[in-house]
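Undergrad: Input file: upload_9.txt. Contents: compact mmCIF, C-alpha atoms.
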```
# COMPACT_ATOMS: atom_id res chain seq x y z
CA ARG A 1374 -34.18 66.33 -17.00
CA ARG A 1375 -33.22 65.39 -13.40
CA GLN A 1376 -35.92 62.73 -13.34
CA SER A 1377 -34.83 61.42 -16.72
CA THR A 1378 -31.21 61.11 -15.57
CA GLN A 1379 -32.25 59.26 -12.43
CA HIS A 1380 -34.37 56.92 -14.44
CA GLN A 1381 -31.50 56.12 -16.78
CA SER A 1382 -29.04 55.45 -13.92
CA THR A 1383 -31.35 52.92 -12.27
CA PRO A 1384 -30.69 49.42 -13.65
CA HIS A 1385 -33.60 47.65 -15.20
CA ARG A 1386 -34.66 44.50 -13.32
CA SER A 1387 -36.79 41.95 -15.06
CA HIS A 1388 -39.36 40.05 -13.09
CA HIS A 1389 -40.42 37.76 -15.87
CA PRO A 1390 -41.95 34.59 -14.36
CA SER A 1391 -40.03 32.20 -16.63
CA ILE A 1392 -36.65 33.70 -15.63
CA THR A 1393 -37.53 33.45 -11.94
CA MET A 1394 -38.51 29.78 -12.27
CA TYR A 1395 -35.29 29.10 -14.19
CA LYS A 1396 -33.21 30.51 -11.33
CA LEU A 1397 -35.11 28.43 -8.78
CA ALA A 1398 -34.55 25.32 -10.86
CA LEU A 1399 -30.82 25.96 -10.93
CA LEU A 1400 -30.72 26.37 -7.16
CA VAL A 1401 -32.64 23.14 -6.59
CA ALA A 1402 -30.43 21.24 -9.01
CA SER A 1403 -27.27 22.53 -7.33
CA ALA A 1404 -28.52 21.62 -3.88
CA SER A 1405 -29.61 18.16 -4.96
CA ALA A 1406 -26.07 17.39 -6.07
CA PHE A 1407 -25.04 17.22 -2.40
CA VAL A 1408 -27.87 14.91 -1.36
CA SER A 1409 -27.20 11.18 -1.46
CA LYS A 1410 -29.66 9.27 -3.59
CA PRO A 1411 -30.75 5.73 -2.80
CA LEU A 1412 -29.74 3.06 -5.28
CA THR A 1413 -32.65 1.62 -7.14
CA GLY A 1414 -32.79 -2.00 -8.21
CA VAL A 1415 -30.01 -3.04 -5.80
CA VAL A 1416 -30.75 -4.95 -2.61
CA THR A 1417 -27.92 -5.36 -0.12
CA ARG A 1418 -28.33 -7.63 2.86
CA THR A 1419 -26.24 -6.52 5.77
CA ALA A 1420 -25.67 -7.96 9.20
CA SER A 1421 -27.73 -5.16 10.71
CA THR A 1422 -30.92 -6.51 9.18
CA PRO A 1423 -32.81 -9.18 11.15
CA ALA A 1424 -32.49 -11.76 8.36
CA MET A 1425 -28.72 -11.35 8.04
CA LYS A 1426 -28.30 -11.15 11.82
CA MET A 1427 -29.97 -14.51 12.14
CA ALA A 1428 -27.77 -15.92 9.35
CA VAL A 1429 -24.59 -14.76 11.10
CA GLU A 1430 -25.71 -16.25 14.42
CA ASP A 1431 -26.42 -19.56 12.68
CA LEU A 1432 -22.95 -19.89 11.17
CA PRO A 1433 -20.63 -22.69 12.37
CA GLY A 1434 -18.50 -21.72 15.33
CA VAL A 1435 -21.33 -20.38 17.50
CA THR A 1436 -21.57 -22.61 20.58
CA SER A 1437 -23.90 -22.65 23.57
CA PHE A 1438 -21.20 -20.85 25.57
CA PRO A 1439 -20.49 -18.02 25.10
CA GLY A 1440 -23.05 -17.99 22.30
CA PHE A 1441 -22.80 -15.42 19.52
CA PHE A 1442 -19.71 -13.50 20.61
CA ASP A 1443 -19.05 -10.26 18.76
CA PRO A 1444 -18.44 -7.55 21.38
CA ALA A 1445 -16.62 -5.31 18.91
CA GLY A 1446 -19.52 -5.46 16.44
CA ILE A 1447 -17.32 -6.58 13.55
CA SER A 1448 -20.26 -8.25 11.80
CA GLU A 1449 -22.52 -5.22 12.09
CA GLY A 1450 -23.36 -3.57 8.79
CA LYS A 1451 -21.37 -6.10 6.75
CA SER A 1452 -22.68 -7.77 3.63
CA GLU A 1453 -22.92 -11.54 3.36
CA ALA A 1454 -19.94 -11.61 0.98
CA ARG A 1455 -17.88 -9.60 3.49
CA ILE A 1456 -18.84 -11.96 6.34
CA LYS A 1457 -17.64 -14.87 4.20
CA TYR A 1458 -14.28 -13.11 3.81
CA PHE A 1459 -13.91 -12.74 7.59
CA ARG A 1460 -14.81 -16.40 8.11
CA GLU A 1461 -12.29 -17.49 5.48
CA ALA A 1462 -9.57 -15.44 7.18
CA GLU A 1463 -10.43 -16.97 10.56
CA LEU A 1464 -10.30 -20.48 9.13
CA LYS A 1465 -6.97 -19.92 7.39
CA HIS A 1466 -5.33 -18.37 10.45
CA GLY A 1467 -6.72 -21.12 12.66
CA ARG A 1468 -5.36 -23.88 10.45
CA VAL A 1469 -1.93 -22.28 10.27
CA ALA A 1470 -1.93 -21.80 14.04
CA MET A 1471 -2.78 -25.47 14.64
CA LEU A 1472 0.15 -26.55 12.47
CA ALA A 1473 2.44 -24.02 14.15
CA ALA A 1474 1.47 -25.06 17.69
CA LEU A 1475 2.05 -28.71 16.84
CA GLY A 1476 5.35 -27.91 15.15
CA PHE A 1477 6.61 -25.92 18.13
CA VAL A 1478 6.12 -28.80 20.55
CA VAL A 1479 7.16 -31.68 18.27
CA GLY A 1480 10.09 -29.83 16.70
CA GLU A 1481 11.70 -29.11 20.05
CA SER A 1482 11.25 -32.66 21.33
CA PHE A 1483 11.96 -34.63 18.16
CA HIS A 1484 14.28 -33.21 15.49
CA PRO A 1485 16.19 -35.97 13.68
CA LEU A 1486 16.64 -33.95 10.48
CA PHE A 1487 20.02 -32.47 9.58
CA GLY A 1488 21.76 -34.84 11.96
CA GLY A 1489 19.80 -33.56 14.96
CA ASN A 1490 22.09 -30.56 15.23
CA ILE A 1491 19.32 -27.95 15.20
CA ASP A 1492 18.51 -28.01 18.89
CA VAL A 1493 17.33 -24.48 19.53
CA PRO A 1494 14.05 -22.86 20.62
CA SER A 1495 11.45 -22.95 17.88
CA TYR A 1496 11.12 -19.19 17.66
CA ILE A 1497 14.65 -18.91 16.23
CA ALA A 1498 14.85 -22.32 14.51
CA PHE A 1499 14.08 -20.76 11.13
CA GLN A 1500 17.36 -18.85 11.36
CA ALA A 1501 19.40 -21.97 11.91
CA THR A 1502 21.52 -23.22 9.03
CA PRO A 1503 20.71 -25.10 6.80
CA LEU A 1504 17.00 -24.33 7.28
CA GLN A 1505 17.50 -20.91 5.71
CA VAL A 1506 17.97 -22.46 2.26
CA PHE A 1507 14.38 -23.74 2.38
CA TRP A 1508 12.78 -20.31 2.75
CA PRO A 1509 12.54 -19.60 -1.00
CA LEU A 1510 10.70 -22.91 -1.41
CA VAL A 1511 8.38 -22.11 1.50
CA LEU A 1512 7.61 -18.66 0.10
CA ALA A 1513 6.96 -20.16 -3.34
CA VAL A 1514 4.46 -22.64 -1.92
CA ILE A 1515 2.69 -19.91 0.07
CA ALA A 1516 2.55 -17.67 -3.00
CA TRP A 1517 1.04 -20.48 -5.07
CA ILE A 1518 -1.64 -21.17 -2.46
CA GLU A 1519 -2.55 -17.49 -2.28
CA TYR A 1520 -2.59 -17.21 -6.07
CA ILE A 1521 -5.06 -20.02 -6.61
CA SER A 1522 -7.30 -18.53 -3.92
CA ILE A 1523 -7.85 -15.36 -5.97
CA GLU A 1524 -10.65 -17.03 -7.92
CA LYS A 1525 -12.71 -17.17 -4.72
CA PHE A 1526 -12.94 -13.37 -4.60
CA ASN A 1527 -15.49 -11.15 -6.29
CA VAL A 1528 -14.25 -8.76 -8.93
CA PRO A 1529 -13.57 -5.21 -7.61
CA GLY A 1530 -16.78 -3.92 -9.18
CA GLU A 1531 -18.78 -6.27 -6.95
CA GLY A 1532 -16.96 -5.34 -3.75
CA PHE A 1533 -13.44 -5.29 -2.39
CA TRP A 1534 -12.33 -8.15 -0.11
CA THR A 1535 -15.53 -10.11 -0.57
CA LEU A 1536 -16.01 -13.74 -1.55
CA LYS A 1537 -18.25 -15.24 -4.17
CA PRO A 1538 -21.60 -16.51 -2.88
CA GLU A 1539 -21.11 -19.99 -4.35
CA TYR A 1540 -17.82 -20.52 -2.53
CA GLU A 1541 -17.96 -22.65 0.60
CA ASN A 1542 -15.67 -21.37 3.33
CA GLY A 1543 -12.65 -23.56 3.96
CA ASP A 1544 -13.35 -25.95 1.09
CA LEU A 1545 -10.02 -26.42 -0.66
CA GLY A 1546 -11.06 -29.61 -2.40
CA PHE A 1547 -8.57 -31.54 -0.25
CA ASP A 1548 -10.02 -34.45 1.71
CA PRO A 1549 -7.84 -37.51 1.02
CA LEU A 1550 -9.20 -39.41 4.05
CA GLY A 1551 -12.84 -38.71 3.19
CA ILE A 1552 -13.71 -37.41 6.68
CA LYS A 1553 -16.11 -34.70 5.48
CA PRO A 1554 -19.61 -35.66 6.68
CA GLU A 1555 -22.47 -35.90 4.20
CA GLY A 1556 -25.19 -34.49 6.46
CA ALA A 1557 -25.58 -30.75 6.99
CA GLU A 1558 -25.78 -30.96 10.79
CA GLU A 1559 -22.79 -33.27 11.04
CA LEU A 1560 -20.79 -30.98 8.75
CA LYS A 1561 -21.70 -27.92 10.82
CA GLU A 1562 -20.61 -29.71 14.00
CA MET A 1563 -17.24 -30.62 12.46
CA GLN A 1564 -16.74 -27.08 11.20
CA THR A 1565 -17.49 -25.74 14.68
CA LYS A 1566 -14.91 -28.08 16.18
CA GLU A 1567 -12.31 -26.96 13.63
CA LEU A 1568 -13.02 -23.30 14.32
CA ASN A 1569 -12.81 -23.73 18.08
CA ASN A 1570 -9.57 -25.70 17.83
CA GLY A 1571 -8.18 -23.05 15.50
CA ARG A 1572 -9.13 -20.26 17.89
CA LEU A 1573 -7.47 -22.08 20.77
CA ALA A 1574 -4.39 -22.71 18.63
CA MET A 1575 -4.09 -19.01 17.75
CA LEU A 1576 -4.05 -18.16 21.44
CA GLY A 1577 -1.75 -21.08 22.17
CA ILE A 1578 0.90 -20.29 19.57
CA ALA A 1579 0.91 -16.65 20.65
CA GLY A 1580 1.58 -17.78 24.22
CA MET A 1581 4.32 -20.17 23.12
CA VAL A 1582 6.16 -17.49 21.16
CA ALA A 1583 5.82 -15.02 24.02
CA GLN A 1584 7.16 -17.54 26.52
CA GLU A 1585 10.23 -18.33 24.42
CA LEU A 1586 10.88 -14.65 23.73
CA VAL A 1587 10.93 -14.00 27.47
CA SER A 1588 12.75 -17.16 28.63
CA LYS A 1589 15.11 -17.48 25.63
CA SER A 1590 14.77 -21.23 25.93
CA THR A 1591 12.58 -24.11 24.74
CA LEU A 1592 9.06 -24.68 26.08
CA PHE A 1593 9.98 -27.80 28.07
```
Could you spell out this file's structure in structure tokens?
TA:
Amino acid sequence: RRQSTQHQSTPHRSHHPSITMYKLALLVASASAFVSKPLTGVVTRTASTPAMKMAVEDLPGVTSFPGFFDPAGISEGKSEARIKYFREAELKHGRVAMLAALGFVVGESFHPLFGGNIDVPSYIAFQATPLQVFWPLVLAVIAWIEYISIEKFNVPGEGFWTLKPEYENGDLGFDPLGIKPEGAEELKEMQTKELNNGRLAMLGIAGMVAQELVSKSTLF
């Protein structure tokens, strides 16, 4: 009777092969959920690959000195569409900076508008009356330009802050003087000049604003 009682108190454990394999399959499936799977059928060219690296180094704006300059590695691991976004941002900021640098110098030396009464440093000229009434118009124009540029971007499903492959950086369809060269090499040379002038202007306008903030007076 003692043996029978001990036998009944011991739980029955099944060692059926099919149940054991089922448990192993569950463990494997659970573990595989935490393992990243490579995407099939999708090829992404990034700047870290030799082909994309060469494409980035061949873009306009790379000159003999200092050559391909990217010490922070901003282009590393970026897709071609993302590189186009960075180039578009550089072009836009460069163009705005060139206009701003020119406006700082000319506006302080020659200001016949509004009776010539606005004779203040450029960094506070926007606060001078009656220039303040023009700010809604300026903001409306800027908003319109940014709105029409949305069509250059890929839809969110194709990548955030990336540009369409068919879009040509900086091409706004505005060339009233017809100065855009027809040849590829001539166009690349002109684009490089624009980029370099824009880069210099960004540094220049930053220096101008800093000087006037410190001196509280005009540049000259």
Undergrad: Quote the spacing between CA of Ile1456 (chain A) and CA of Ala1557 (chain A) in Å to one decimal place.
TA: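 A separation of 20.0 Å between them.
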Undergrad: Please list as a VMD selection string every residue within 12 Å of Arg1460 (chain A), counting only C-alpha atoms and excluding residues in the same chain fewer than 6 positions away.
TA: chain A and resid 1429 1432 to 1434 1447 to 1448 1453 to 1454 1466 to 1467 1534 to 1536 1540 to 1544 1564 to 1565 1568 1571 to 1572
Undergrad: Separation of CA of Ile1518 (chain A) and CA of Lys1465 (chain A), in Å?
TA: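 Interatomic distance, CA of Ile1518 (chain A) to CA of Lys1465 (chain A): 11.3 Å.
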Undergrad: So how far away is CA of Ala1513 (chain A) from CA of Ala1501 (chain A), in Å?
TA: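 Value for the CA of Ala1501 (chain A)-CA of Ala1513 (chain A) distance: 19.8 Å.
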Undergrad: Compare A:Phe1477, A:Phe1499, A:Phe1483, A:Phe1459 by their minimum atom-to-atom distance to Ala1579 (chain A), counting only C-alpha atoms, and give me the closest one.
TA: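 Smallest distance to Ala1579 (chain A) is found for A:Phe1477.
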Undergrad: Pick from A:Ala1498, A:Ile1521, A:Leu1545, A:Leu1464: nearest to Gly1480 (chain A), with all atoms listed in the file counted?
TA: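 Closest to Gly1480 (chain A) of all the choices is A:Ala1498.
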